[in-house]
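Each remark here refers to the structure printed beneath this line.
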Amino acid sequence: MKLTLEEIRMLCTESSFERGVEYFNQGLVRNIEQFGNKITAIVSGTKDYKVTIRLYKDDFTAECTCPYNWGGYCKHIVATLIALSKNYEKIKESKNKEEEKIEAILNNVSLEELKEFLRTEFENDPRLRNIFAIYFSGKAPQEKSVHDYKKEINLLYKTFAGRYGFIKYGTNIDFSYIQDLAQRYIKKKNYLEAVKIYQALSEAIAENMGMVDDSDGYYGGSFRDAISDFVNCIKMANLEHKKKKPFIDYFFKKYIENDPDYFQEEYDYALREICQTKEDFDYLKKLLAPYLPDVLPDWDESWTNYYNARELIDMQLFILDKLNEEKEFYELIKKHYRKDHGFCLLYAKRLKEDGMLEQSLAVAEEGLKIFPEHLLSSLRIFLNPFYKKHFPEKYKENLKHLFFQEKDWKYYDELKKLCSEEEWKELIQEIIAYFSSRGGYRDESKIIEIYLKEKRFNEAIEKVLSLRSLSILDYYFKDLSEKFPEKYFKAYKNLIIPFADSKADRSHYRNVVYHLKKMKKIPGFKDEFREFVKMLRKKYSKRPAFLDEMKKV
């Protein structure tokens, strides 16, 4: 697999891309192997992480055992993709040689020899025995229950848990074996056996969250994937209502129990996905009826009670919509829309869909008066097309508030286009003041970006320097270092020493070197930079790991 740097950049955040490039340049990607359509690599970071890439006809997937979960691929995957592209021919040649060797051996093995080999391996490896049976028959030698699968997964947790029965952040249990097993059943169209596996996996993850320092990262993501696969298998099984009922009961029970509460959303998703027919929705409505609240509590009195009641009402609205019970839908939404901005938006949208535009606008504008500003973005987005067409002044005011909340430049650019030069001078000061105040969710980076967009570079550099942050210097390096080389060089010089003093480990030293390399790129300071590096080597002469990393500057 060979991707260009630009193609890799599109798969991750800018930060992950830059750190991935650094990891590759530092030679931290090792043990790259490919056999068939699977590629594996070990990437060194704060610890060794395993990257697995699976190739498909026109695509690929990539996973890493690190805890990264902030959008796009992590730096370890990025570094591996770069290594694959840079060493494409070498890896391909090694893969072909390995596959040819195995193929040659297979061609020279008799059927009896192969059988004897498999019998011996089956004695030693029950998992291989299972995989073999599933591959050729679609069934395991011994049928397993959800409980049996959970015992296997719980054993993994016990293996990884430390002395106190707790799994540290960044320690990620590899569930790939159990997931691969489910995929083998799916390939053989034995969907209900795969359902057992995904049910066991989702239950084991949920029940063991108390021993894991990670509710939304790796384990939260693994739970969401397990529920999604669980649901997809039920749908692929194409069950009639009678056979689907136990699964509706199961997910509804989990949804009502709400334990742990941060997984309720996934059970909500599961119910909405597996219910497809009128019988399904009638049954779900019947299950929900005893739990429906009469009133939606005030959120500021008890957020938990408010949220739980809101979720139940939202589920009822979904069911009524699917059953086309319009009268009951409108009665319920009218009763609660003034208590929740989401219901207010839903009501406005439904009125619009049903041709009641005037009432729709009235409901949305009522919401603007009722709810706090930070909850109004969705209502403002809904109103924006109407304001643009019929109310120019309201449109400008709406764009301003949308930029405040969404921080999306499309609103900024549109607003600027509509303003006269004098209006904009006044408005830009209001915008900067908003992002400078606590009430406006103080955002120094947004102020810098506004200065850059308006070509107010002197103010931009002063704001950057005032923050005294190497990461901020790094982020705006391309925009400002060439315009203010002396100030940029001096800022790096002042910040790198206290940064270097803040920690004493090799990973930290690599970060110091990363910033030194940035500093080195500032034109016109070759001699000063050489003297600065010389001073650092002398200052940290008793840190051999630091001196070793400094060889890369």
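Lettering and numbering for the structure tokens are positional, with chains as A, B, ... in the shown order, residues counted from 1 in each chain, and ligands counted from 1 in the shown order.
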Notebook entry, point to check: Near range 459-471 of chain A, counting only C-alpha atoms, which residues have an atom at most 12 Å away, once you skip same-chain residues fewer than 5 positions from it, shown as a PyMOL selection string?
Noted result: chain A and resi 15+432+436+443-454+476-477+479-500+511-512+514-516+518-519
Margin query: Can you pull out the residues contacting Glu326 in chain A? Cut-off 12 Å, using only C-alpha atoms, and skip same-chain residues under 6 positions away; I want them as a PyMOL selection string.
Written below: chain A and resi 317-320+332-333+350-351+354
Note to self: So that I can check the surroundings of Met211 in chain A, please list as a list of chain:residue names every protein, DNA and RNA residue that reaches within 7 Å of it, counting only C-alpha atoms and ignoring chain neighbours fewer than 3 positions away.
What the structure shows: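 Near Met211 in chain A, the qualifying residues are A:Gly165, A:Phe166, A:Ile167, A:Asn208.
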Margin query: Excluding Glu358 in chain A and its own-chain neighbours fewer than 6 positions away, which residues fall within 12 Å of it when counting only C-alpha atoms? Please give them as a list in words.
Written below: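 Close residues of Glu358 in chain A: Ala348, Lys349, Leu351, Lys352, Ala364, Glu365, Leu383 and Phe386 of chain A.
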Could you give me, as a compact mmCIF listing (two decimals) with C-alpha atoms, in the first residue's frame, the residues within 12 Å of Trp70 in chain A, counting only C-alpha atoms and dropping anything in the same chain fewer than 3 positions from it?
```txt
# COMPACT_ATOMS: atom_id res chain seq x y z
CA CYS A 12 -5.71 12.56 10.58
CA THR A 13 -5.49 15.82 12.47
CA GLU A 14 -2.64 18.22 11.72
CA SER A 15 -1.09 17.45 15.11
CA SER A 16 -1.22 13.67 14.55
CA CYS A 66 -2.77 3.23 21.93
CA PRO A 67 -5.59 5.09 23.78
CA TYR A 73 -5.82 8.21 12.83
CA CYS A 74 -3.27 8.42 15.67
CA LYS A 75 0.39 9.37 15.21
CA ASP A 216 -14.84 7.11 26.61
CA GLY A 217 -11.60 6.09 24.92
CA TYR A 218 -10.56 2.63 23.80
CA GLY A 221 -15.15 2.74 21.47
```
Item checked: Close residues, Leu345 in chain A itself excluded, 8 Å, only C-alpha atoms, min 2 positions apart in chain, as a ChimeraX atom specification -> /A:341-343,347-349,364,378-379,382
Next item on the list: Just list the residues in range 243-356 of chain A DSSP gives alpha helix (DSSP H) on the backbone, as a PyMOL selection string.
Entry: chain A and resi 243-257+264-274+278-288+303-322+326-336+341-353
Same residues, C-alpha atoms, saved as a CSV table (one decimal), in the first residue's frame:
```
chain,number,residue,atom,x,y,z
A,243,LYS,CA,-38.0,-14.2,17.1
A,244,LYS,CA,-36.9,-10.7,17.4
A,245,LYS,CA,-38.9,-10.0,20.6
A,246,PRO,CA,-36.2,-11.4,23.0
A,247,PHE,CA,-33.7,-9.0,21.5
A,248,ILE,CA,-36.1,-6.0,21.9
A,249,ASP,CA,-36.7,-7.1,25.5
A,250,TYR,CA,-32.9,-7.4,26.1
A,251,PHE,CA,-32.0,-3.9,24.7
A,252,PHE,CA,-35.0,-2.3,26.4
A,253,LYS,CA,-34.0,-3.8,29.8
A,254,LYS,CA,-30.5,-2.4,29.3
A,255,TYR,CA,-31.9,0.9,28.2
A,256,ILE,CA,-34.1,1.2,31.3
A,257,GLU,CA,-31.4,0.0,33.7
A,264,GLN,CA,-27.6,4.3,27.4
A,265,GLU,CA,-27.2,6.1,24.1
A,266,GLU,CA,-25.9,2.8,22.5
A,267,TYR,CA,-28.9,0.9,23.8
A,268,ASP,CA,-31.2,3.6,22.5
A,269,TYR,CA,-29.5,3.3,19.1
A,270,ALA,CA,-29.9,-0.5,19.2
A,271,LEU,CA,-33.7,-0.3,19.8
A,272,ARG,CA,-34.2,2.2,17.0
A,273,GLU,CA,-32.2,0.0,14.6
A,274,ILE,CA,-33.6,-3.4,15.3
A,278,LYS,CA,-45.3,-2.0,12.9
A,279,GLU,CA,-45.4,-5.1,15.2
A,280,ASP,CA,-41.9,-4.2,16.5
A,281,PHE,CA,-42.9,-0.5,17.2
A,282,ASP,CA,-46.2,-1.5,18.8
A,283,TYR,CA,-44.4,-3.8,21.1
A,284,LEU,CA,-41.8,-1.2,22.0
A,285,LYS,CA,-44.5,1.3,22.7
A,286,LYS,CA,-46.1,-1.1,25.1
A,287,LEU,CA,-42.8,-1.7,26.9
A,288,LEU,CA,-42.2,2.0,27.2
A,303,TRP,CA,-29.9,17.1,35.7
A,304,THR,CA,-30.1,13.3,36.0
A,305,ASN,CA,-33.9,13.3,36.4
A,306,TYR,CA,-34.3,15.7,33.6
A,307,TYR,CA,-32.0,13.8,31.2
A,308,ASN,CA,-33.6,10.4,32.0
A,309,ALA,CA,-37.1,11.8,31.5
A,310,ARG,CA,-36.1,13.5,28.3
A,311,GLU,CA,-34.7,10.3,26.8
A,312,LEU,CA,-37.9,8.4,27.5
A,313,ILE,CA,-40.0,11.2,25.9
A,314,ASP,CA,-37.7,11.3,22.9
A,315,MET,CA,-38.0,7.5,22.5
A,316,GLN,CA,-41.9,7.9,22.6
A,317,LEU,CA,-41.8,10.6,20.0
A,318,PHE,CA,-39.6,8.4,17.7
A,319,ILE,CA,-42.1,5.5,18.1
A,320,LEU,CA,-45.1,7.7,17.4
A,321,ASP,CA,-43.4,9.1,14.3
A,322,LYS,CA,-42.7,5.6,13.0
A,326,GLU,CA,-49.7,12.2,14.2
A,327,LYS,CA,-52.2,13.4,16.8
A,328,GLU,CA,-50.5,11.8,19.7
A,329,PHE,CA,-47.1,13.0,18.4
A,330,TYR,CA,-48.2,16.7,18.3
A,331,GLU,CA,-49.9,16.4,21.8
A,332,LEU,CA,-46.7,15.1,23.3
A,333,ILE,CA,-44.3,17.6,21.6
A,334,LYS,CA,-46.6,20.6,22.5
A,335,LYS,CA,-46.5,19.5,26.1
A,336,HIS,CA,-42.7,19.5,26.4
A,341,HIS,CA,-34.3,23.1,23.1
A,342,GLY,CA,-34.0,19.7,21.2
A,343,PHE,CA,-37.8,19.2,21.4
A,344,CYS,CA,-38.3,22.8,20.4
A,345,LEU,CA,-36.2,22.2,17.2
A,346,LEU,CA,-38.0,18.9,16.5
A,347,TYR,CA,-41.4,20.7,16.9
A,348,ALA,CA,-40.3,23.5,14.5
A,349,LYS,CA,-39.0,21.1,11.9
A,350,ARG,CA,-42.1,18.9,12.1
A,351,LEU,CA,-44.4,21.9,11.6
A,352,LYS,CA,-42.3,23.0,8.6
A,353,GLU,CA,-42.5,19.4,7.1
```
